[in-house]
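Novice: What follows is upload_3.pdb, PDB, N, CA and C atoms, pLDDT in the B column.
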```
ATOM      1  N   GLU V   1      12.484 -33.557  14.181  1.00 58.00           N
ATOM      2  CA  GLU V   1      12.968 -32.279  13.695  1.00 58.00           C
ATOM      3  C   GLU V   1      14.209 -31.853  14.462  1.00 58.00           C
ATOM      4  N   PHE V   2      14.227 -32.148  15.750  1.00 60.00           N
ATOM      5  CA  PHE V   2      15.356 -31.730  16.572  1.00 60.00           C
ATOM      6  C   PHE V   2      16.647 -32.378  16.103  1.00 60.00           C
ATOM      7  N   GLU V   3      16.587 -33.668  15.766  1.00 68.00           N
ATOM      8  CA  GLU V   3      17.781 -34.370  15.301  1.00 68.00           C
ATOM      9  C   GLU V   3      18.227 -33.845  13.944  1.00 68.00           C
ATOM     10  N   ALA V   4      17.287 -33.487  13.080  1.00 68.00           N
ATOM     11  CA  ALA V   4      17.625 -33.006  11.743  1.00 68.00           C
ATOM     12  C   ALA V   4      18.229 -31.606  11.785  1.00 68.00           C
ATOM     13  N   ASP V   5      17.653 -30.723  12.604  1.00 66.00           N
ATOM     14  CA  ASP V   5      18.128 -29.339  12.671  1.00 66.00           C
ATOM     15  C   ASP V   5      17.849 -28.807  14.071  1.00 66.00           C
ATOM     16  N   ALA V   6      18.777 -29.018  14.959  1.00 61.00           N
ATOM     17  CA  ALA V   6      18.591 -28.659  16.369  1.00 61.00           C
ATOM     18  C   ALA V   6      18.365 -27.163  16.557  1.00 61.00           C
ATOM     19  N   GLY V   7      18.973 -26.337  15.739  1.00 61.00           N
ATOM     20  CA  GLY V   7      18.838 -24.890  15.888  1.00 61.00           C
ATOM     21  C   GLY V   7      17.471 -24.353  15.515  1.00 61.00           C
ATOM     22  N   ALA V   8      16.753 -25.048  14.640  1.00 58.00           N
ATOM     23  CA  ALA V   8      15.456 -24.562  14.179  1.00 58.00           C
ATOM     24  C   ALA V   8      14.312 -25.468  14.617  1.00 58.00           C
ATOM     25  N   ALA V   9      14.566 -26.359  15.577  1.00 59.00           N
ATOM     26  CA  ALA V   9      13.533 -27.303  15.992  1.00 59.00           C
ATOM     27  C   ALA V   9      12.420 -26.623  16.773  1.00 59.00           C
ATOM     28  N   PHE V  10      12.732 -25.521  17.446  1.00 59.00           N
ATOM     29  CA  PHE V  10      11.739 -24.821  18.253  1.00 59.00           C
ATOM     30  C   PHE V  10      11.627 -23.378  17.772  1.00 59.00           C
ATOM     31  N   PRO V  11      11.002 -23.145  16.611  1.00 58.00           N
ATOM     32  CA  PRO V  11      10.961 -21.806  16.029  1.00 58.00           C
ATOM     33  C   PRO V  11      10.194 -20.795  16.863  1.00 58.00           C
ATOM     34  N   GLY V  12       9.351 -21.242  17.762  1.00 60.00           N
ATOM     35  CA  GLY V  12       8.592 -20.323  18.585  1.00 60.00           C
ATOM     36  C   GLY V  12       9.410 -19.648  19.672  1.00 60.00           C
ATOM     37  N   HIS V  13      10.636 -20.074  19.860  1.00 58.00           N
ATOM     38  CA  HIS V  13      11.484 -19.533  20.919  1.00 58.00           C
ATOM     39  C   HIS V  13      12.527 -18.564  20.359  1.00 58.00           C
ATOM     40  N   GLY V  14      12.144 -17.749  19.393  1.00 65.00           N
ATOM     41  CA  GLY V  14      13.046 -16.747  18.847  1.00 65.00           C
ATOM     42  C   GLY V  14      13.889 -17.225  17.684  1.00 65.00           C
ATOM     43  N   ASN V  15      13.817 -18.504  17.359  1.00 68.00           N
ATOM     44  CA  ASN V  15      14.574 -19.038  16.227  1.00 68.00           C
ATOM     45  C   ASN V  15      13.637 -19.186  15.038  1.00 68.00           C
ATOM     46  N   LEU V  16      13.720 -18.251  14.118  1.00 72.00           N
ATOM     47  CA  LEU V  16      12.862 -18.311  12.943  1.00 72.00           C
ATOM     48  C   LEU V  16      13.581 -18.996  11.798  1.00 72.00           C
ATOM     49  N   LYS V  17      12.830 -19.795  11.087  1.00 76.00           N
ATOM     50  CA  LYS V  17      13.375 -20.413   9.884  1.00 76.00           C
ATOM     51  C   LYS V  17      13.516 -19.325   8.827  1.00 76.00           C
ATOM     52  N   PRO V  18      14.373 -19.533   7.833  1.00 81.00           N
ATOM     53  CA  PRO V  18      14.565 -18.505   6.796  1.00 81.00           C
ATOM     54  C   PRO V  18      13.270 -18.086   6.113  1.00 81.00           C
ATOM     55  N   GLU V  19      12.368 -19.032   5.896  1.00 82.00           N
ATOM     56  CA  GLU V  19      11.100 -18.702   5.261  1.00 82.00           C
ATOM     57  C   GLU V  19      10.293 -17.757   6.155  1.00 82.00           C
ATOM     58  N   GLN V  20      10.288 -18.038   7.459  1.00 81.00           N
ATOM     59  CA  GLN V  20       9.549 -17.198   8.395  1.00 81.00           C
ATOM     60  C   GLN V  20      10.173 -15.807   8.508  1.00 81.00           C
ATOM     61  N   GLN V  21      11.493 -15.733   8.443  1.00 83.00           N
ATOM     62  CA  GLN V  21      12.169 -14.437   8.477  1.00 83.00           C
ATOM     63  C   GLN V  21      11.764 -13.594   7.269  1.00 83.00           C
ATOM     64  N   GLU V  22      11.687 -14.220   6.107  1.00 88.00           N
ATOM     65  CA  GLU V  22      11.290 -13.515   4.892  1.00 88.00           C
ATOM     66  C   GLU V  22       9.839 -13.045   4.995  1.00 88.00           C
ATOM     67  N   ILE V  23       8.965 -13.889   5.527  1.00 88.00           N
ATOM     68  CA  ILE V  23       7.558 -13.513   5.699  1.00 88.00           C
ATOM     69  C   ILE V  23       7.445 -12.318   6.640  1.00 88.00           C
ATOM     70  N   GLU V  24       8.175 -12.329   7.738  1.00 88.00           N
ATOM     71  CA  GLU V  24       8.146 -11.209   8.681  1.00 88.00           C
ATOM     72  C   GLU V  24       8.674  -9.930   8.046  1.00 88.00           C
ATOM     73  N   ARG V  25       9.740 -10.048   7.258  1.00 90.00           N
ATOM     74  CA  ARG V  25      10.286  -8.878   6.578  1.00 90.00           C
ATOM     75  C   ARG V  25       9.258  -8.294   5.618  1.00 90.00           C
ATOM     76  N   LEU V  26       8.582  -9.158   4.871  1.00 92.00           N
ATOM     77  CA  LEU V  26       7.559  -8.700   3.920  1.00 92.00           C
ATOM     78  C   LEU V  26       6.361  -8.081   4.636  1.00 92.00           C
ATOM     79  N   ARG V  27       5.993  -8.638   5.795  1.00 92.00           N
ATOM     80  CA  ARG V  27       4.891  -8.054   6.572  1.00 92.00           C
ATOM     81  C   ARG V  27       5.236  -6.647   7.038  1.00 92.00           C
ATOM     82  N   ARG V  28       6.472  -6.458   7.514  1.00 91.00           N
ATOM     83  CA  ARG V  28       6.895  -5.123   7.954  1.00 91.00           C
ATOM     84  C   ARG V  28       6.893  -4.144   6.783  1.00 91.00           C
ATOM     85  N   GLU V  29       7.369  -4.602   5.633  1.00 90.00           N
ATOM     86  CA  GLU V  29       7.407  -3.743   4.449  1.00 90.00           C
ATOM     87  C   GLU V  29       5.987  -3.369   4.010  1.00 90.00           C
ATOM     88  N   LEU V  30       5.076  -4.328   4.057  1.00 90.00           N
ATOM     89  CA  LEU V  30       3.688  -4.068   3.689  1.00 90.00           C
ATOM     90  C   LEU V  30       3.046  -3.078   4.657  1.00 90.00           C
ATOM     91  N   ALA V  31       3.308  -3.226   5.938  1.00 87.00           N
ATOM     92  CA  ALA V  31       2.761  -2.297   6.926  1.00 87.00           C
ATOM     93  C   ALA V  31       3.270  -0.886   6.678  1.00 87.00           C
ATOM     94  N   LYS V  32       4.543  -0.766   6.319  1.00 86.00           N
ATOM     95  CA  LYS V  32       5.119   0.547   6.021  1.00 86.00           C
ATOM     96  C   LYS V  32       4.441   1.154   4.790  1.00 86.00           C
ATOM     97  N   MET V  33       4.225   0.335   3.766  1.00 83.00           N
ATOM     98  CA  MET V  33       3.587   0.824   2.550  1.00 83.00           C
ATOM     99  C   MET V  33       2.148   1.257   2.825  1.00 83.00           C
ATOM    100  N   LYS V  34       1.422   0.506   3.669  1.00 83.00           N
ATOM    101  CA  LYS V  34       0.055   0.880   4.009  1.00 83.00           C
ATOM    102  C   LYS V  34       0.036   2.209   4.759  1.00 83.00           C
ATOM    103  N   ALA V  35       0.986   2.410   5.670  1.00 81.00           N
ATOM    104  CA  ALA V  35       1.052   3.663   6.416  1.00 81.00           C
ATOM    105  C   ALA V  35       1.321   4.824   5.469  1.00 81.00           C
ATOM    106  N   GLU V  36       2.223   4.630   4.519  1.00 78.00           N
ATOM    107  CA  GLU V  36       2.517   5.682   3.543  1.00 78.00           C
ATOM    108  C   GLU V  36       1.297   5.971   2.677  1.00 78.00           C
ATOM    109  N   ARG V  37       0.577   4.940   2.293  1.00 78.00           N
ATOM    110  CA  ARG V  37      -0.641   5.118   1.489  1.00 78.00           C
ATOM    111  C   ARG V  37      -1.683   5.906   2.270  1.00 78.00           C
ATOM    112  N   ASP V  38      -1.825   5.600   3.556  1.00 77.00           N
ATOM    113  CA  ASP V  38      -2.783   6.320   4.385  1.00 77.00           C
ATOM    114  C   ASP V  38      -2.412   7.794   4.497  1.00 77.00           C
ATOM    115  N   ILE V  39      -1.122   8.069   4.616  1.00 74.00           N
ATOM    116  CA  ILE V  39      -0.674   9.456   4.670  1.00 74.00           C
ATOM    117  C   ILE V  39      -1.077  10.166   3.387  1.00 74.00           C
ATOM    118  N   LEU V  40      -0.822   9.534   2.257  1.00 70.00           N
ATOM    119  CA  LEU V  40      -1.145  10.156   0.978  1.00 70.00           C
ATOM    120  C   LEU V  40      -2.649  10.351   0.804  1.00 70.00           C
ATOM    121  N   LYS V  41      -3.456   9.395   1.269  1.00 71.00           N
ATOM    122  CA  LYS V  41      -4.904   9.535   1.172  1.00 71.00           C
ATOM    123  C   LYS V  41      -5.381  10.738   1.974  1.00 71.00           C
ATOM    124  N   LYS V  42      -4.876  10.876   3.184  1.00 68.00           N
ATOM    125  CA  LYS V  42      -5.310  11.977   4.042  1.00 68.00           C
ATOM    126  C   LYS V  42      -4.765  13.312   3.576  1.00 68.00           C
ATOM    127  N   SER V  43      -3.636  13.285   2.904  1.00 64.00           N
ATOM    128  CA  SER V  43      -2.976  14.545   2.572  1.00 64.00           C
ATOM    129  C   SER V  43      -3.340  15.092   1.200  1.00 64.00           C
ATOM    130  N   SER V  44      -4.125  14.402   0.410  1.00 62.00           N
ATOM    131  CA  SER V  44      -4.372  14.847  -0.963  1.00 62.00           C
ATOM    132  C   SER V  44      -4.949  16.258  -1.018  1.00 62.00           C
ATOM    133  N   GLY V  45      -5.879  16.584  -0.148  1.00 64.00           N
ATOM    134  CA  GLY V  45      -6.440  17.927  -0.125  1.00 64.00           C
ATOM    135  C   GLY V  45      -5.472  18.943   0.446  1.00 64.00           C
ATOM    136  N   LEU V  46      -4.597  18.497   1.306  1.00 57.00           N
ATOM    137  CA  LEU V  46      -3.632  19.410   1.921  1.00 57.00           C
ATOM    138  C   LEU V  46      -2.621  19.948   0.926  1.00 57.00           C
ATOM    139  N   LEU V  47      -2.356  19.209  -0.124  1.00 58.00           N
ATOM    140  CA  LEU V  47      -1.341  19.649  -1.073  1.00 58.00           C
ATOM    141  C   LEU V  47      -1.757  20.928  -1.795  1.00 58.00           C
ATOM    142  N   ARG V  48      -3.065  21.207  -1.821  1.00 62.00           N
ATOM    143  CA  ARG V  48      -3.545  22.445  -2.434  1.00 62.00           C
ATOM    144  C   ARG V  48      -3.532  23.600  -1.435  1.00 62.00           C
ATOM    145  N   GLU V  49      -3.416  23.273  -0.163  1.00 67.00           N
ATOM    146  CA  GLU V  49      -3.414  24.289   0.895  1.00 67.00           C
ATOM    147  C   GLU V  49      -2.011  24.889   1.033  1.00 67.00           C
ATOM    148  N   GLY V  50      -1.906  25.894   1.860  1.00 73.00           N
ATOM    149  CA  GLY V  50      -0.619  26.523   2.113  1.00 73.00           C
ATOM    150  C   GLY V  50       0.254  25.699   3.047  1.00 73.00           C
ATOM    151  N   LEU V  51       1.460  26.182   3.251  1.00 76.00           N
ATOM    152  CA  LEU V  51       2.408  25.481   4.115  1.00 76.00           C
ATOM    153  C   LEU V  51       1.902  25.371   5.547  1.00 76.00           C
ATOM    154  N   ASP V  52       1.195  26.389   6.022  1.00 78.00           N
ATOM    155  CA  ASP V  52       0.699  26.350   7.395  1.00 78.00           C
ATOM    156  C   ASP V  52      -0.200  25.136   7.625  1.00 78.00           C
ATOM    157  N   MET V  53      -1.052  24.828   6.666  1.00 81.00           N
ATOM    158  CA  MET V  53      -1.946  23.676   6.795  1.00 81.00           C
ATOM    159  C   MET V  53      -1.161  22.368   6.750  1.00 81.00           C
ATOM    160  N   ARG V  54      -0.146  22.313   5.920  1.00 83.00           N
ATOM    161  CA  ARG V  54       0.672  21.097   5.830  1.00 83.00           C
ATOM    162  C   ARG V  54       1.407  20.856   7.143  1.00 83.00           C
ATOM    163  N   PHE V  55       1.985  21.922   7.692  1.00 85.00           N
ATOM    164  CA  PHE V  55       2.718  21.768   8.945  1.00 85.00           C
ATOM    165  C   PHE V  55       1.766  21.437  10.094  1.00 85.00           C
ATOM    166  N   ALA V  56       0.543  21.948  10.053  1.00 87.00           N
ATOM    167  CA  ALA V  56      -0.453  21.602  11.066  1.00 87.00           C
ATOM    168  C   ALA V  56      -0.794  20.111  10.975  1.00 87.00           C
ATOM    169  N   PHE V  57      -0.879  19.592   9.742  1.00 86.00           N
ATOM    170  CA  PHE V  57      -1.141  18.165   9.550  1.00 86.00           C
ATOM    171  C   PHE V  57      -0.006  17.337  10.134  1.00 86.00           C
ATOM    172  N   VAL V  58       1.231  17.753   9.886  1.00 87.00           N
ATOM    173  CA  VAL V  58       2.391  17.040  10.423  1.00 87.00           C
ATOM    174  C   VAL V  58       2.333  17.043  11.945  1.00 87.00           C
ATOM    175  N   ALA V  59       2.051  18.189  12.539  1.00 90.00           N
ATOM    176  CA  ALA V  59       2.000  18.294  13.993  1.00 90.00           C
ATOM    177  C   ALA V  59       0.909  17.396  14.580  1.00 90.00           C
ATOM    178  N   LYS V  60      -0.230  17.335  13.914  1.00 90.00           N
ATOM    179  CA  LYS V  60      -1.353  16.544  14.412  1.00 90.00           C
ATOM    180  C   LYS V  60      -1.081  15.040  14.328  1.00 90.00           C
ATOM    181  N   HIS V  61      -0.371  14.609  13.298  1.00 88.00           N
ATOM    182  CA  HIS V  61      -0.193  13.178  13.049  1.00 88.00           C
ATOM    183  C   HIS V  61       1.200  12.652  13.379  1.00 88.00           C
ATOM    184  N   ARG V  62       2.054  13.458  13.987  1.00 88.00           N
ATOM    185  CA  ARG V  62       3.417  12.996  14.240  1.00 88.00           C
ATOM    186  C   ARG V  62       3.486  11.890  15.283  1.00 88.00           C
ATOM    187  N   GLY V  63       2.462  11.704  16.064  1.00 90.00           N
ATOM    188  CA  GLY V  63       2.433  10.594  17.010  1.00 90.00           C
ATOM    189  C   GLY V  63       2.065   9.274  16.351  1.00 90.00           C
ATOM    190  N   ILE V  64       1.491   9.360  15.157  1.00 88.00           N
ATOM    191  CA  ILE V  64       1.058   8.158  14.439  1.00 88.00           C
ATOM    192  C   ILE V  64       2.136   7.664  13.486  1.00 88.00           C
ATOM    193  N   TRP V  65       2.710   8.589  12.719  1.00 86.00           N
ATOM    194  CA  TRP V  65       3.721   8.241  11.723  1.00 86.00           C
ATOM    195  C   TRP V  65       4.981   9.063  11.971  1.00 86.00           C
ATOM    196  N   PRO V  66       6.122   8.577  11.489  1.00 89.00           N
ATOM    197  CA  PRO V  66       7.359   9.355  11.623  1.00 89.00           C
ATOM    198  C   PRO V  66       7.263  10.671  10.844  1.00 89.00           C
ATOM    199  N   ILE V  67       7.814  11.720  11.430  1.00 89.00           N
ATOM    200  CA  ILE V  67       7.767  13.047  10.812  1.00 89.00           C
ATOM    201  C   ILE V  67       8.383  13.010   9.413  1.00 89.00           C
ATOM    202  N   SER V  68       9.460  12.257   9.246  1.00 90.00           N
ATOM    203  CA  SER V  68      10.117  12.215   7.936  1.00 90.00           C
ATOM    204  C   SER V  68       9.181  11.676   6.860  1.00 90.00           C
ATOM    205  N   TRP V  69       8.370  10.662   7.177  1.00 87.00           N
ATOM    206  CA  TRP V  69       7.418  10.102   6.201  1.00 87.00           C
ATOM    207  C   TRP V  69       6.377  11.146   5.815  1.00 87.00           C
ATOM    208  N   ILE V  70       5.824  11.809   6.834  1.00 86.00           N
ATOM    209  CA  ILE V  70       4.754  12.774   6.561  1.00 86.00           C
ATOM    210  C   ILE V  70       5.289  13.938   5.732  1.00 86.00           C
ATOM    211  N   CYS V  71       6.458  14.456   6.125  1.00 88.00           N
ATOM    212  CA  CYS V  71       7.031  15.590   5.394  1.00 88.00           C
ATOM    213  C   CYS V  71       7.320  15.211   3.954  1.00 88.00           C
ATOM    214  N   GLU V  72       7.826  14.007   3.744  1.00 85.00           N
ATOM    215  CA  GLU V  72       8.112  13.565   2.371  1.00 85.00           C
ATOM    216  C   GLU V  72       6.821  13.455   1.565  1.00 85.00           C
ATOM    217  N   ALA V  73       5.773  12.913   2.169  1.00 84.00           N
ATOM    218  CA  ALA V  73       4.495  12.752   1.474  1.00 84.00           C
ATOM    219  C   ALA V  73       3.874  14.109   1.119  1.00 84.00           C
ATOM    220  N   LEU V  74       4.068  15.091   1.992  1.00 83.00           N
ATOM    221  CA  LEU V  74       3.477  16.414   1.757  1.00 83.00           C
ATOM    222  C   LEU V  74       4.374  17.343   0.954  1.00 83.00           C
ATOM    223  N   GLY V  75       5.602  16.933   0.725  1.00 82.00           N
ATOM    224  CA  GLY V  75       6.512  17.757  -0.042  1.00 82.00           C
ATOM    225  C   GLY V  75       7.041  18.964   0.722  1.00 82.00           C
ATOM    226  N   VAL V  76       7.216  18.791   2.033  1.00 84.00           N
ATOM    227  CA  VAL V  76       7.796  19.862   2.846  1.00 84.00           C
ATOM    228  C   VAL V  76       9.062  19.343   3.514  1.00 84.00           C
ATOM    229  N   SER V  77       9.902  20.256   3.974  1.00 84.00           N
ATOM    230  CA  SER V  77      11.148  19.828   4.595  1.00 84.00           C
ATOM    231  C   SER V  77      10.938  19.605   6.093  1.00 84.00           C
ATOM    232  N   ARG V  78      11.678  18.656   6.639  1.00 82.00           N
ATOM    233  CA  ARG V  78      11.603  18.415   8.082  1.00 82.00           C
ATOM    234  C   ARG V  78      12.103  19.629   8.846  1.00 82.00           C
ATOM    235  N   SER V  79      13.162  20.249   8.347  1.00 86.00           N
ATOM    236  CA  SER V  79      13.697  21.405   9.051  1.00 86.00           C
ATOM    237  C   SER V  79      12.700  22.558   9.024  1.00 86.00           C
ATOM    238  N   GLY V  80      11.920  22.687   7.962  1.00 80.00           N
ATOM    239  CA  GLY V  80      10.894  23.708   7.903  1.00 80.00           C
ATOM    240  C   GLY V  80       9.814  23.473   8.937  1.00 80.00           C
ATOM    241  N   PHE V  81       9.507  22.207   9.187  1.00 75.00           N
ATOM    242  CA  PHE V  81       8.510  21.879  10.206  1.00 75.00           C
ATOM    243  C   PHE V  81       9.038  22.234  11.594  1.00 75.00           C
ATOM    244  N   HIS V  82      10.289  21.843  11.850  1.00 76.00           N
ATOM    245  CA  HIS V  82      10.860  22.067  13.183  1.00 76.00           C
ATOM    246  C   HIS V  82      11.128  23.546  13.380  1.00 76.00           C
TER
END
```
Please, can you express the file's structure as structure tokens?
Specialist:
Amino acid sequence: EFEADAGAAFPGHGNLKPEQQEIERLRRELAKMKAERDILKKSSGLLREGLDMRFAFVAKHRGIWPISWICEALGVSRSGFH
């Protein structure tokens, strides 16, 4: 393998083949989608509540997910939260 493609002969040392790069990109995208789905699952009841409850949810979960994701899922503005 080294003679055929010296740059990709040792993929475990930070050199990913194009196929592996695509797999990693898809894994990251899937993880992001799962996080967004989890936000929506937890927030379904909150959408019927007032803004105070939505902002409390954002404050409680901002260490888990980015504030922008949570605010978008709940339909509130980031500036309103801050």
Novice: Rounded to one decimal, what separation in Å do you get between atom N of V:Arg54 and atom CA of V:Arg28?
Specialist: 28.4 Å
Novice: Quick one, how far is atom CA of V:Arg62 from atom C of V:Arg27?
Specialist: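 For atom CA of V:Arg62 relative to atom C of V:Arg27, the distance reads 21.0 Å.
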Novice: Applying the PyMOL selection byres ((chain V and resi 71-82) around 7) to the file I just gave you, which residues come out? Please list them as an NGL selection string.
Specialist: :V and (39-40 or 43 or 47 or 54-55 or 58 or 66-70)
Novice: Assuming 8 Å of padding per side, give the centre and edge lengths of the axis-aligned box around every listed atom of stretch 62-66 of chain V, in Å to one decimal and as lines of an AutoDock Vina configuration file.
Specialist:
```
center_x = 4.2
center_y = 10.6
center_z = 13.9
size_x = 22.3
size_y = 21.8
size_z = 22.2
```
Novice: Just give me the gap between atom CA of V:Phe57 and atom CA of V:Ala31 in Å, one decimal is fine.
Specialist: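 Distance reported for this atom pair: 21.0 Å.
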